[in-house]
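Structure below is run-v4.cif: mmCIF, C-alpha atoms.
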```cif
data_target
#
loop_
_atom_site.label_atom_id
_atom_site.label_comp_id
_atom_site.auth_asym_id
_atom_site.auth_seq_id
_atom_site.Cartn_x
_atom_site.Cartn_y
_atom_site.Cartn_z
CA MET G 1 6.44 165.30 110.41
CA ALA G 2 9.11 162.66 111.03
CA ASP G 3 10.86 163.39 107.75
CA ILE G 4 11.05 167.09 108.73
CA ILE G 5 12.55 166.39 112.17
CA THR G 6 15.15 163.94 110.80
CA LYS G 7 18.51 165.65 110.36
CA THR G 8 21.57 164.96 108.30
CA ASN G 9 25.02 164.94 109.88
CA SER G 10 25.70 168.40 108.51
CA GLU G 11 22.69 170.01 110.21
CA ILE G 12 22.72 171.54 113.67
CA GLY G 13 20.10 171.86 116.38
CA PHE G 14 17.11 169.81 117.46
CA SER G 15 15.28 169.80 114.14
CA ASN G 16 15.56 171.02 110.57
CA LEU G 17 12.31 172.96 110.78
CA PRO G 18 12.87 176.35 109.11
CA ASP G 19 13.13 179.46 111.25
CA ASP G 20 9.83 180.85 109.98
CA THR G 21 8.04 177.73 111.18
CA ILE G 22 9.62 177.96 114.63
CA LEU G 23 8.68 181.64 114.91
CA ASN G 24 5.13 180.81 113.87
CA TYR G 25 4.90 178.00 116.46
CA GLU G 26 6.15 180.32 119.18
CA SER G 27 3.69 183.04 118.19
CA THR G 28 0.73 180.66 117.86
CA PHE G 29 1.29 178.30 120.78
CA GLY G 30 3.44 180.24 123.26
CA ALA G 31 2.82 183.07 125.68
CA HIS G 32 4.05 186.43 124.44
CA HIS G 33 5.77 187.30 127.72
CA TYR G 34 9.15 188.30 126.30
CA SER G 35 10.16 190.99 123.85
CA ARG G 36 12.56 189.05 121.67
CA GLN G 37 15.07 189.47 118.89
CA GLN G 38 14.55 187.58 115.65
CA LEU G 39 17.18 184.90 116.12
CA VAL G 40 16.49 181.16 116.35
CA VAL G 41 19.45 179.58 118.12
CA ARG G 42 20.20 176.03 116.96
CA LYS G 43 23.45 175.43 118.83
CA ALA G 44 25.34 177.02 121.72
CA GLU G 45 29.00 176.31 122.38
CA GLY G 46 31.43 178.26 124.53
CA ILE G 47 30.69 181.93 123.97
CA TRP G 48 29.00 181.41 120.61
CA LEU G 49 25.42 180.92 119.45
CA TYR G 50 24.68 179.44 116.01
CA SER G 51 21.76 179.90 113.65
CA GLN G 52 20.44 177.34 111.16
CA ASP G 53 22.63 178.66 108.37
CA GLY G 54 25.72 178.28 110.57
CA LYS G 55 26.18 181.98 111.26
CA LYS G 56 27.59 182.55 114.74
CA TYR G 57 26.85 185.25 117.29
CA LEU G 58 28.95 186.13 120.33
CA ASP G 59 26.70 185.75 123.37
CA CYS G 60 26.97 188.94 125.43
CA LEU G 61 24.08 188.00 127.68
CA ALA G 62 25.02 184.50 128.89
CA ALA G 63 21.36 183.98 129.83
CA TYR G 64 21.62 186.68 132.51
CA SER G 65 24.72 185.00 134.02
CA ALA G 66 23.38 181.42 133.85
CA ALA G 67 26.06 180.49 131.30
CA ASN G 68 29.04 181.87 133.22
CA HIS G 69 31.04 178.74 132.38
CA GLY G 70 30.26 179.03 128.67
CA HIS G 71 27.64 176.98 126.86
CA HIS G 72 27.95 173.21 127.14
CA HIS G 73 31.14 173.25 129.16
CA PRO G 74 32.65 169.84 128.32
CA LYS G 75 33.35 168.82 131.94
CA ILE G 76 29.79 169.57 133.04
CA VAL G 77 28.31 167.90 129.96
CA LYS G 78 30.45 164.80 130.57
CA ALA G 79 29.28 164.59 134.19
CA LEU G 80 25.62 164.88 133.16
CA VAL G 81 25.93 162.27 130.41
CA GLU G 82 27.62 159.87 132.83
CA ALA G 83 24.87 160.48 135.40
CA LEU G 84 22.14 159.65 132.90
CA GLN G 85 23.93 156.66 131.48
CA GLY G 86 24.88 155.48 134.96
CA SER G 87 21.29 155.76 136.19
CA TYR G 88 22.00 158.18 139.04
CA GLY G 89 20.50 161.33 137.51
CA SER G 90 16.76 160.75 138.02
CA VAL G 91 14.67 162.70 140.51
CA ILE G 92 14.50 160.85 143.85
CA SER G 93 12.03 161.41 146.67
CA ASN G 94 13.36 163.64 149.41
CA VAL G 95 12.44 161.02 152.02
CA VAL G 96 15.81 159.38 151.25
CA TYR G 97 19.35 160.67 150.62
CA THR G 98 21.58 160.94 147.54
CA ASP G 99 25.34 161.29 147.47
CA SER G 100 25.22 163.93 144.73
CA LEU G 101 23.15 166.23 146.95
CA GLY G 102 25.31 165.60 150.00
CA LYS G 103 28.51 166.42 148.14
CA PHE G 104 26.97 169.52 146.57
CA LEU G 105 25.73 170.88 149.90
CA GLU G 106 29.16 170.42 151.48
CA LYS G 107 30.93 172.02 148.52
CA LEU G 108 28.74 175.13 148.36
CA ALA G 109 28.47 175.59 152.12
CA THR G 110 32.25 175.54 152.53
CA LEU G 111 32.96 177.61 149.41
CA THR G 112 30.81 180.38 150.87
CA PRO G 113 32.41 182.45 153.67
CA GLN G 114 30.82 182.00 157.09
CA LEU G 115 27.54 183.88 156.89
CA GLY G 116 25.69 185.52 159.76
CA THR G 117 28.84 185.79 161.84
CA ARG G 118 27.05 187.53 164.72
CA PHE G 119 25.14 184.28 165.24
CA GLY G 120 28.35 182.32 165.74
CA ASP G 121 30.87 180.27 163.80
CA ASN G 122 28.39 177.46 163.12
CA GLY G 123 29.15 176.78 159.47
CA ASN G 124 26.68 177.38 156.65
CA LYS G 125 23.70 175.36 155.51
CA VAL G 126 22.14 175.26 152.04
CA LEU G 127 18.48 174.90 151.02
CA PRO G 128 18.24 174.04 147.30
CA LYS G 129 15.46 174.90 144.86
CA CYS G 130 15.18 175.14 141.06
CA GLY G 131 14.56 178.70 139.87
CA GLY G 132 16.22 181.69 141.53
CA VAL G 133 12.93 183.30 142.52
CA GLU G 134 12.09 180.23 144.59
CA SER G 135 15.22 180.78 146.64
CA VAL G 136 14.43 184.48 146.98
CA GLU G 137 11.14 183.49 148.57
CA THR G 138 13.03 181.08 150.84
CA ALA G 139 15.14 184.04 151.99
CA ILE G 140 11.97 186.06 152.61
CA LYS G 141 10.58 183.22 154.72
CA MET G 142 13.82 183.14 156.70
CA ALA G 143 13.67 186.88 157.47
CA ARG G 144 10.00 186.79 158.41
CA TYR G 145 10.47 183.80 160.67
CA TYR G 146 13.42 185.46 162.37
CA GLY G 147 11.31 188.55 163.01
CA TYR G 148 8.52 186.45 164.44
CA LYS G 149 10.56 183.99 166.49
CA GLU G 150 13.54 186.04 167.65
CA LYS G 151 12.27 189.63 167.62
CA GLY G 152 8.72 188.97 168.77
CA ILE G 153 7.06 190.70 165.80
CA PRO G 154 3.42 189.59 165.53
CA ASP G 155 3.04 187.10 162.69
CA GLY G 156 1.74 188.94 159.64
CA LYS G 157 3.27 192.26 160.68
CA GLN G 158 6.88 191.54 159.62
CA GLU G 159 8.42 194.03 157.17
CA ILE G 160 11.44 193.73 154.89
CA ILE G 161 13.27 196.71 153.38
CA VAL G 162 13.94 196.42 149.65
CA PHE G 163 15.19 198.86 147.00
CA ASN G 164 13.77 200.81 144.08
CA ASN G 165 14.32 199.25 140.66
CA ASN G 166 14.98 195.88 142.28
CA PHE G 167 14.58 192.67 140.35
CA HIS G 168 14.24 189.41 142.26
CA GLY G 169 11.93 187.47 139.94
CA ARG G 170 8.28 187.43 138.93
CA MET G 171 6.32 185.32 141.42
CA ILE G 172 3.47 187.09 143.21
CA THR G 173 5.25 187.83 146.48
CA VAL G 174 8.34 189.09 144.68
CA ILE G 175 6.57 191.31 142.17
CA SER G 176 4.62 192.75 145.09
CA PHE G 177 7.66 194.82 146.06
CA SER G 178 8.81 195.68 142.54
CA THR G 179 8.76 199.38 141.69
CA SER G 180 8.03 198.54 138.03
CA ASP G 181 4.30 198.72 137.38
CA LYS G 182 4.49 196.41 134.35
CA TYR G 183 5.58 193.55 136.59
CA LYS G 184 2.59 193.77 138.92
CA GLU G 185 -0.33 195.68 137.36
CA GLY G 186 -3.44 193.52 137.29
CA PHE G 187 -1.95 190.70 139.35
CA GLY G 188 -3.29 191.79 142.74
CA PRO G 189 -3.99 191.32 145.53
CA LEU G 190 -0.30 191.72 146.19
CA THR G 191 1.68 190.51 149.18
CA PRO G 192 2.21 193.12 151.91
CA GLY G 193 5.20 193.47 154.20
CA PHE G 194 7.77 195.34 152.10
CA VAL G 195 9.10 198.90 152.12
CA SER G 196 11.08 200.09 149.10
CA VAL G 197 13.70 202.85 149.36
CA GLU G 198 16.26 204.47 147.08
CA TYR G 199 19.16 202.20 146.11
CA GLY G 200 22.37 203.51 147.65
CA ASN G 201 20.67 205.81 150.19
CA LEU G 202 21.59 204.79 153.74
CA ASP G 203 19.55 207.59 155.31
CA ALA G 204 16.44 206.29 153.57
CA VAL G 205 17.16 202.81 154.88
CA GLU G 206 17.58 204.05 158.46
CA LYS G 207 14.33 206.03 158.27
CA ALA G 208 12.45 202.98 156.95
CA VAL G 209 13.33 200.84 159.97
CA ASN G 210 10.54 200.40 162.48
CA LYS G 211 9.52 197.99 165.23
CA ASN G 212 8.25 195.46 162.65
CA THR G 213 11.31 195.48 160.39
CA CYS G 214 12.93 192.05 160.27
CA GLY G 215 15.33 192.20 157.33
CA ILE G 216 16.93 193.93 154.36
CA LEU G 217 16.94 192.27 150.92
CA MET G 218 19.12 193.72 148.16
CA GLU G 219 21.27 193.08 145.10
CA PRO G 220 24.93 194.00 145.76
CA MET G 221 24.94 195.26 142.18
CA GLN G 222 21.70 195.76 140.29
CA GLY G 223 21.25 193.85 137.04
CA GLU G 224 17.79 194.43 135.61
CA GLY G 225 17.62 197.76 137.45
CA GLY G 226 20.22 199.30 135.14
CA MET G 227 23.58 197.69 135.96
CA PHE G 228 24.11 200.04 138.89
CA ILE G 229 26.94 199.75 141.43
CA PRO G 230 26.08 200.94 144.95
CA PRO G 231 28.12 203.83 146.38
CA ASP G 232 31.30 202.93 148.26
CA GLY G 233 30.46 202.01 151.82
CA PHE G 234 26.80 201.26 151.13
CA LEU G 235 27.02 197.55 151.89
CA LYS G 236 29.00 198.27 155.05
CA GLY G 237 26.36 200.77 156.05
CA LEU G 238 23.64 198.17 155.55
CA ARG G 239 25.63 195.77 157.71
CA ASP G 240 25.88 198.39 160.46
CA ILE G 241 22.14 199.18 160.31
CA SER G 242 21.29 195.49 160.37
CA ASP G 243 23.47 194.90 163.43
CA LYS G 244 22.12 197.99 165.19
CA HIS G 245 18.46 197.02 164.71
CA ASP G 246 18.84 193.21 164.78
CA LEU G 247 17.82 192.68 161.14
CA LEU G 248 18.79 189.90 158.74
CA LEU G 249 20.86 191.24 155.85
CA LEU G 250 20.14 189.15 152.76
CA PHE G 251 21.90 189.50 149.40
CA ASP G 252 20.45 188.30 146.09
CA GLU G 253 23.48 187.24 144.05
CA ILE G 254 21.63 185.26 141.39
CA GLN G 255 23.02 187.45 138.59
CA VAL G 256 26.12 188.88 140.25
CA GLY G 257 27.53 185.92 142.20
CA LEU G 258 29.82 183.05 141.22
CA GLY G 259 32.49 185.12 139.52
CA ARG G 260 30.41 187.46 137.41
CA THR G 261 31.79 190.68 138.96
CA GLY G 262 35.40 189.51 139.31
CA LYS G 263 34.91 188.12 142.82
CA MET G 264 33.43 184.75 143.72
CA PHE G 265 30.68 186.68 145.53
CA CYS G 266 29.82 190.30 144.79
CA PHE G 267 29.67 191.20 148.49
CA GLU G 268 33.42 190.55 148.65
CA HIS G 269 34.05 193.88 146.91
CA GLU G 270 33.34 195.55 150.25
CA ASN G 271 34.37 192.68 152.51
CA VAL G 272 30.90 192.72 154.01
CA ILE G 273 29.39 189.46 155.22
CA PRO G 274 25.60 189.09 154.91
CA ASP G 275 23.43 186.81 157.00
CA GLY G 276 22.22 184.92 153.95
CA ILE G 277 22.65 184.86 150.18
CA VAL G 278 20.62 183.64 147.23
CA LEU G 279 22.44 181.94 144.35
CA GLY G 280 21.14 180.50 141.09
CA LYS G 281 21.64 180.61 137.32
CA ALA G 282 25.37 179.75 136.99
CA LEU G 283 25.20 177.34 139.92
CA SER G 284 24.81 174.38 137.54
CA GLY G 285 26.70 175.75 134.55
CA GLY G 286 23.52 176.78 132.76
CA LEU G 287 22.46 173.21 131.94
CA VAL G 288 20.01 172.22 134.69
CA PRO G 289 17.84 174.51 136.87
CA LEU G 290 19.38 174.90 140.33
CA SER G 291 19.23 177.64 142.95
CA CYS G 292 19.98 177.86 146.66
CA PHE G 293 19.52 179.90 149.78
CA VAL G 294 22.61 179.78 152.00
CA THR G 295 22.75 181.00 155.58
CA ASN G 296 24.27 180.39 159.00
CA SER G 297 23.45 176.89 160.25
CA LYS G 298 21.82 178.29 163.40
CA LEU G 299 19.43 180.43 161.36
CA MET G 300 18.61 177.66 158.90
CA ASP G 301 17.85 175.16 161.64
CA SER G 302 15.64 177.64 163.49
CA ALA G 303 13.30 178.25 160.55
CA PHE G 304 13.22 175.07 158.49
CA GLN G 305 12.20 171.86 160.17
CA PRO G 306 10.45 168.94 158.38
CA GLY G 307 7.31 170.08 156.61
CA ARG G 308 8.14 173.80 156.67
CA ASP G 309 9.68 173.84 153.22
CA GLY G 310 10.24 171.51 150.29
CA SER G 311 10.68 171.11 146.55
CA THR G 312 10.36 167.94 144.43
CA TYR G 313 13.10 168.98 142.03
CA GLY G 314 15.03 171.19 144.45
CA GLY G 315 18.49 169.64 144.71
CA TYR G 316 17.61 166.58 142.66
CA PRO G 317 20.50 164.34 141.57
CA LEU G 318 21.06 165.54 138.00
CA ALA G 319 21.11 169.18 139.11
CA CYS G 320 23.54 168.41 141.92
CA VAL G 321 25.85 166.48 139.58
CA ALA G 322 26.00 169.61 137.43
CA GLY G 323 26.40 171.83 140.50
CA ASN G 324 29.31 169.84 141.88
CA VAL G 325 31.27 170.08 138.64
CA ALA G 326 30.25 173.68 137.92
CA LEU G 327 31.66 174.84 141.27
CA ASP G 328 34.88 172.92 140.60
CA VAL G 329 35.24 174.50 137.16
CA LEU G 330 34.84 178.01 138.58
CA VAL G 331 37.76 177.38 140.92
CA ASP G 332 39.99 175.07 138.88
CA GLU G 333 39.80 177.06 135.65
CA LYS G 334 40.15 180.39 137.48
CA LEU G 335 37.03 181.87 135.91
CA VAL G 336 36.70 184.43 138.68
CA GLU G 337 40.19 185.75 137.99
CA ASN G 338 39.49 185.75 134.25
CA SER G 339 36.32 187.75 134.80
CA ARG G 340 38.27 190.36 136.71
CA LYS G 341 41.14 190.54 134.21
CA VAL G 342 39.26 190.40 130.92
CA GLY G 343 36.39 192.44 132.34
CA SER G 344 38.77 195.26 133.18
CA TYR G 345 40.38 194.98 129.73
CA LEU G 346 37.02 195.14 127.94
CA ALA G 347 35.60 197.91 130.12
CA ASP G 348 38.67 200.07 129.42
CA LYS G 349 38.16 199.61 125.68
CA ILE G 350 34.47 200.46 125.99
CA ARG G 351 35.26 203.61 127.96
CA GLU G 352 37.60 204.68 125.18
CA ILE G 353 34.78 204.14 122.70
CA ALA G 354 32.42 206.13 124.94
CA LYS G 355 34.75 209.13 124.78
CA ARG G 356 34.29 209.22 121.00
CA SER G 357 30.57 208.48 121.04
CA ASP G 358 27.71 210.93 120.92
CA PHE G 359 25.34 208.28 122.27
CA VAL G 360 26.91 207.00 125.50
CA LYS G 361 26.00 208.57 128.83
CA GLU G 362 27.99 206.33 131.21
CA VAL G 363 29.84 203.00 131.40
CA ARG G 364 29.54 200.97 134.61
CA ASN G 365 31.25 197.68 135.37
CA ARG G 366 32.54 195.14 137.80
CA GLY G 367 34.29 192.21 136.18
CA LEU G 368 32.34 191.00 133.15
CA PHE G 369 29.17 192.76 134.28
CA ILE G 370 29.23 195.85 132.09
CA GLY G 371 26.48 198.39 131.50
CA ILE G 372 26.56 201.04 128.78
CA GLU G 373 23.88 203.64 129.47
CA VAL G 374 22.77 205.49 126.34
CA LYS G 375 21.61 209.09 126.24
CA ASP G 376 18.41 208.47 124.28
CA GLY G 377 17.21 205.77 126.69
CA ASP G 378 16.62 203.21 123.93
CA ALA G 379 19.28 200.57 124.45
CA MET G 380 17.43 197.93 122.42
CA LYS G 381 17.89 199.99 119.28
CA TYR G 382 21.64 199.47 119.58
CA CYS G 383 21.20 195.81 120.58
CA ARG G 384 19.31 195.11 117.36
CA GLU G 385 22.13 196.70 115.36
CA LEU G 386 24.65 194.59 117.27
CA LEU G 387 22.74 191.40 116.42
CA ASP G 388 23.12 192.18 112.72
CA LEU G 389 26.87 192.39 113.36
CA GLY G 390 27.08 189.01 115.06
CA LEU G 391 26.83 190.08 118.68
CA MET G 392 23.81 189.19 120.87
CA ALA G 393 23.13 191.65 123.69
CA ASN G 394 20.11 192.95 125.54
CA ASP G 395 19.00 196.03 127.45
CA SER G 396 18.81 196.63 131.18
CA HIS G 397 15.94 198.82 132.38
CA GLY G 398 15.50 200.15 128.85
CA HIS G 399 18.35 202.64 128.96
CA THR G 400 21.45 200.47 129.33
CA ILE G 401 23.15 197.95 127.04
CA ARG G 402 24.06 194.89 129.07
CA ILE G 403 27.40 193.30 128.23
CA SER G 404 27.80 190.12 130.29
CA PRO G 405 29.40 187.33 128.22
CA PRO G 406 30.50 183.97 129.63
CA LEU G 407 33.46 184.20 132.00
CA ILE G 408 35.65 182.17 129.64
CA LEU G 409 35.96 185.24 127.39
CA THR G 410 39.46 185.89 126.01
CA GLU G 411 41.02 189.26 125.24
CA SER G 412 40.76 188.61 121.50
CA GLU G 413 37.06 187.90 121.90
CA ALA G 414 36.78 191.07 123.99
CA ASP G 415 38.32 192.90 121.02
CA PHE G 416 35.55 191.46 118.83
CA ILE G 417 32.93 192.86 121.23
CA ALA G 418 34.62 196.27 121.32
CA ASP G 419 34.88 196.39 117.53
CA LYS G 420 31.16 195.75 117.12
CA LEU G 421 30.24 198.27 119.82
CA GLU G 422 32.33 200.90 118.10
CA LEU G 423 30.46 200.35 114.84
CA VAL G 424 27.10 201.14 116.48
CA LEU G 425 28.18 203.72 119.06
CA VAL G 426 30.61 205.84 117.03
CA LYS G 427 29.08 207.25 113.86
#
```

Please express what this file holds, its structure, as structure tokens.
Amino acid sequence: MADIITKTNSEIGFSNLPDDTILNYESTFGAHHYSRQQLVVRKAEGIWLYSQDGKKYLDCLAAYSAANHGHHHPKIVKALVEALQGSYGSVISNVVYTDSLGKFLEKLATLTPQLGTRFGDNGNKVLPKCGGVESVETAIKMARYYGYKEKGIPDGKQEIIVFNNNFHGRMITVISFSTSDKYKEGFGPLTPGFVSVEYGNLDAVEKAVNKNTCGILMEPMQGEGGMFIPPDGFLKGLRDISDKHDLLLLFDEIQVGLGRTGKMFCFEHENVIPDGIVLGKALSGGLVPLSCFVTNSKLMDSAFQPGRDGSTYGGYPLACVAGNVALDVLVDEKLVENSRKVGSYLADKIREIAKRSDFVKEVRNRGLFIGIEVKDGDAMKYCRELLDLGLMANDSHGHTIRISPPLILTESEADFIADKLELVLVK
């Protein structure tokens, strides 16, 4: 085997094993829990993915916004290499402190606008985890504890309002309130305590509130649910309902935060301040797992004392080194502004294509978060055609082509995307 793994200087990737062998290994030894396209990626750099033969593909998925900075951003890579070589990247027990975590907490807490303003100007606090779904569950714990401690709801009776076609991850508690049967069928018993209503319907939200309601959890723009933007005023309406009934308003910005929609945080499109937010994916530049729940310091301190939460790798040094630099890059390289500018440029070109297409139903976008809903409901058919043309995309909720490339995209690269879309959408 050693002679197969050994590479020459001209080869790319981890090994020189042929694609067929890799596909066979995945099929034989891996879980079949993803529907995948037949591309073995050997290298990722900037906005491009490379196959073994050196062919490149423009990445229009960016790992569901994890690679907002582009693949292997040199500043983040440099920081990680220095951490490993300098022996300050290893996981350390949480019974002691690390400077990388301290700096990261301060940077993210102050980058985020003051959350939960009705609880006072106390600053924000951050609770780090690894995967985004872990931080979603942290947010759920926060809302439930608030209902129990501050509203007097009997423990076990707390309810959280969520929304149809939501996607917050695939752990048991989170799939329990999914409205997609494929995510939860056969995995019961499921976790109670959630009421799902129509996305964008404030009347439905108001009607769902009862004496046991403790919070509202939602995506300020749906990703997996079909790339849907809520109606104007919806977030403000949720804020008003939350204030009226003393509920915690929690936003999941794992896919739509950190510049993806042309604002640092998606909730800024309506100037609505939630009580807590969940961030992940792009938080470390797509190189090390890192997620966080951020909320008002008063709320965080009320729910999470020693022993009430924890994570061995949550906020470990290597992840925080990446997080510190990734946040700096977002600001210093003006990736949020680029997302807004180039996203608008690309969306305008796609809308022009849609006018000439017999296949497009609607184009929806904020920044570089663009959804192209197709009339026949089979978005993957078009995504497979795009892959053959050197563009890697995926579907959202079956019916929508997701276009969400890294935020470093240039207008010339946006032209490349538009050219390929025209080839498959205008025939």

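In this structure, atom CA of Gly169 of chain G sits 14.1 Å away from atom CA of Thr191 of chain G.
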
#### Entry: Chain and number of each residue from the PyMOL selection byres ((chain G and resi 364) around 12), as a PyMOL selection string
chain G and resi 221-223+226-230+261+343-344+346-348+350-351+354+360-363+365-374+400-404

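Evaluating the PyMOL selection byres ((chain G and resi 301) around 12) against the shown model yields G:Asn122, G:Gly123, G:Asn124, G:Lys125, G:Val126, G:Leu127, G:Met142, G:Tyr145, G:Tyr146, G:Val294, G:Thr295, G:Asn296, G:Ser297, G:Lys298, G:Leu299, G:Met300, G:Ser302, G:Ala303, G:Phe304, G:Gln305, G:Pro306, G:Arg308, G:Asp309.
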
Find the residues around Asn210 of chain G up to 9 Å (only C-alpha atoms counted), leave out those fewer than 4 positions away in its own chain, and share them as an mmCIF file with C-alpha atoms, keeping the file's coordinate frame.
```cif
data_model
loop_
_atom_site.group_PDB
_atom_site.id
_atom_site.type_symbol
_atom_site.label_atom_id
_atom_site.label_comp_id
_atom_site.auth_asym_id
_atom_site.auth_seq_id
_atom_site.Cartn_x
_atom_site.Cartn_y
_atom_site.Cartn_z
ATOM 1 C CA GLU G 159 8.420 194.030 157.170
ATOM 2 C CA GLU G 206 17.580 204.050 158.460
ATOM 3 C CA CYS G 214 12.930 192.050 160.270
ATOM 4 C CA HIS G 245 18.460 197.020 164.710
#
```

Given the PyMOL selection byres ((chain G and resi 59) around 7), the residues it picks as an MDAnalysis selection string:
chainID G and resid 47:49 57:58 60:62 391:393 405

Exercise. Skipping near chain neighbours, those fewer than 4 positions away, what residues fall within 9 Å of segment 386-388 of chain G using only C-alpha atoms, listed as a count of residues only?
Worked result: 11

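Pairwise distance (atom CA of Leu105 of chain G, atom CA of His168 of chain G) equals 23.1 Å.
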
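Closest to Asp376 of chain G among G:Asp358, G:Tyr34, G:Leu389, G:Asn212 is G:Asp358, based on only C-alpha atoms.
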
One residue among G:Gly225, G:Pro18, G:Gly307, G:Gly193 is nearest to Ser396 of chain G when using all atoms listed in the file, and that residue is G:Gly225

Around all the atoms of segment 191-194 of chain G listed in the file, with 4 Å of room on each side, what axis-aligned box do you get, giving centre and edge lengths in Å to one decimal, as JSON?
```
{"center_x": 4.7, "center_y": 192.9, "center_z": 151.7, "size_x": 14.1, "size_y": 12.8, "size_z": 13.0}
```

Find the residues around Leu80 of chain G up to 7 Å (all atoms listed in the file counted), leave out those fewer than 2 positions away in its own chain, and share them as a PDB file with C-alpha atoms, in the coordinates of the input.
```
ATOM      1  CA  ILE G  76      29.790 169.570 133.040  1.00  0.00           C
ATOM      2  CA  VAL G  77      28.310 167.900 129.960  1.00  0.00           C
ATOM      3  CA  LYS G  78      30.450 164.800 130.570  1.00  0.00           C
ATOM      4  CA  GLU G  82      27.620 159.870 132.830  1.00  0.00           C
ATOM      5  CA  ALA G  83      24.870 160.480 135.400  1.00  0.00           C
ATOM      6  CA  LEU G  84      22.140 159.650 132.900  1.00  0.00           C
ATOM      7  CA  LEU G 318      21.060 165.540 138.000  1.00  0.00           C
ATOM      8  CA  VAL G 321      25.850 166.480 139.580  1.00  0.00           C
ATOM      9  CA  ALA G 322      26.000 169.610 137.430  1.00  0.00           C
TER      10      ALA G 322
END
```

Min atom-atom distance to Asn68 of chain G from the set G:Val278, G:Cys383, G:Ile254, G:Ile353, counting all atoms listed in the file, belongs to G:Ile254
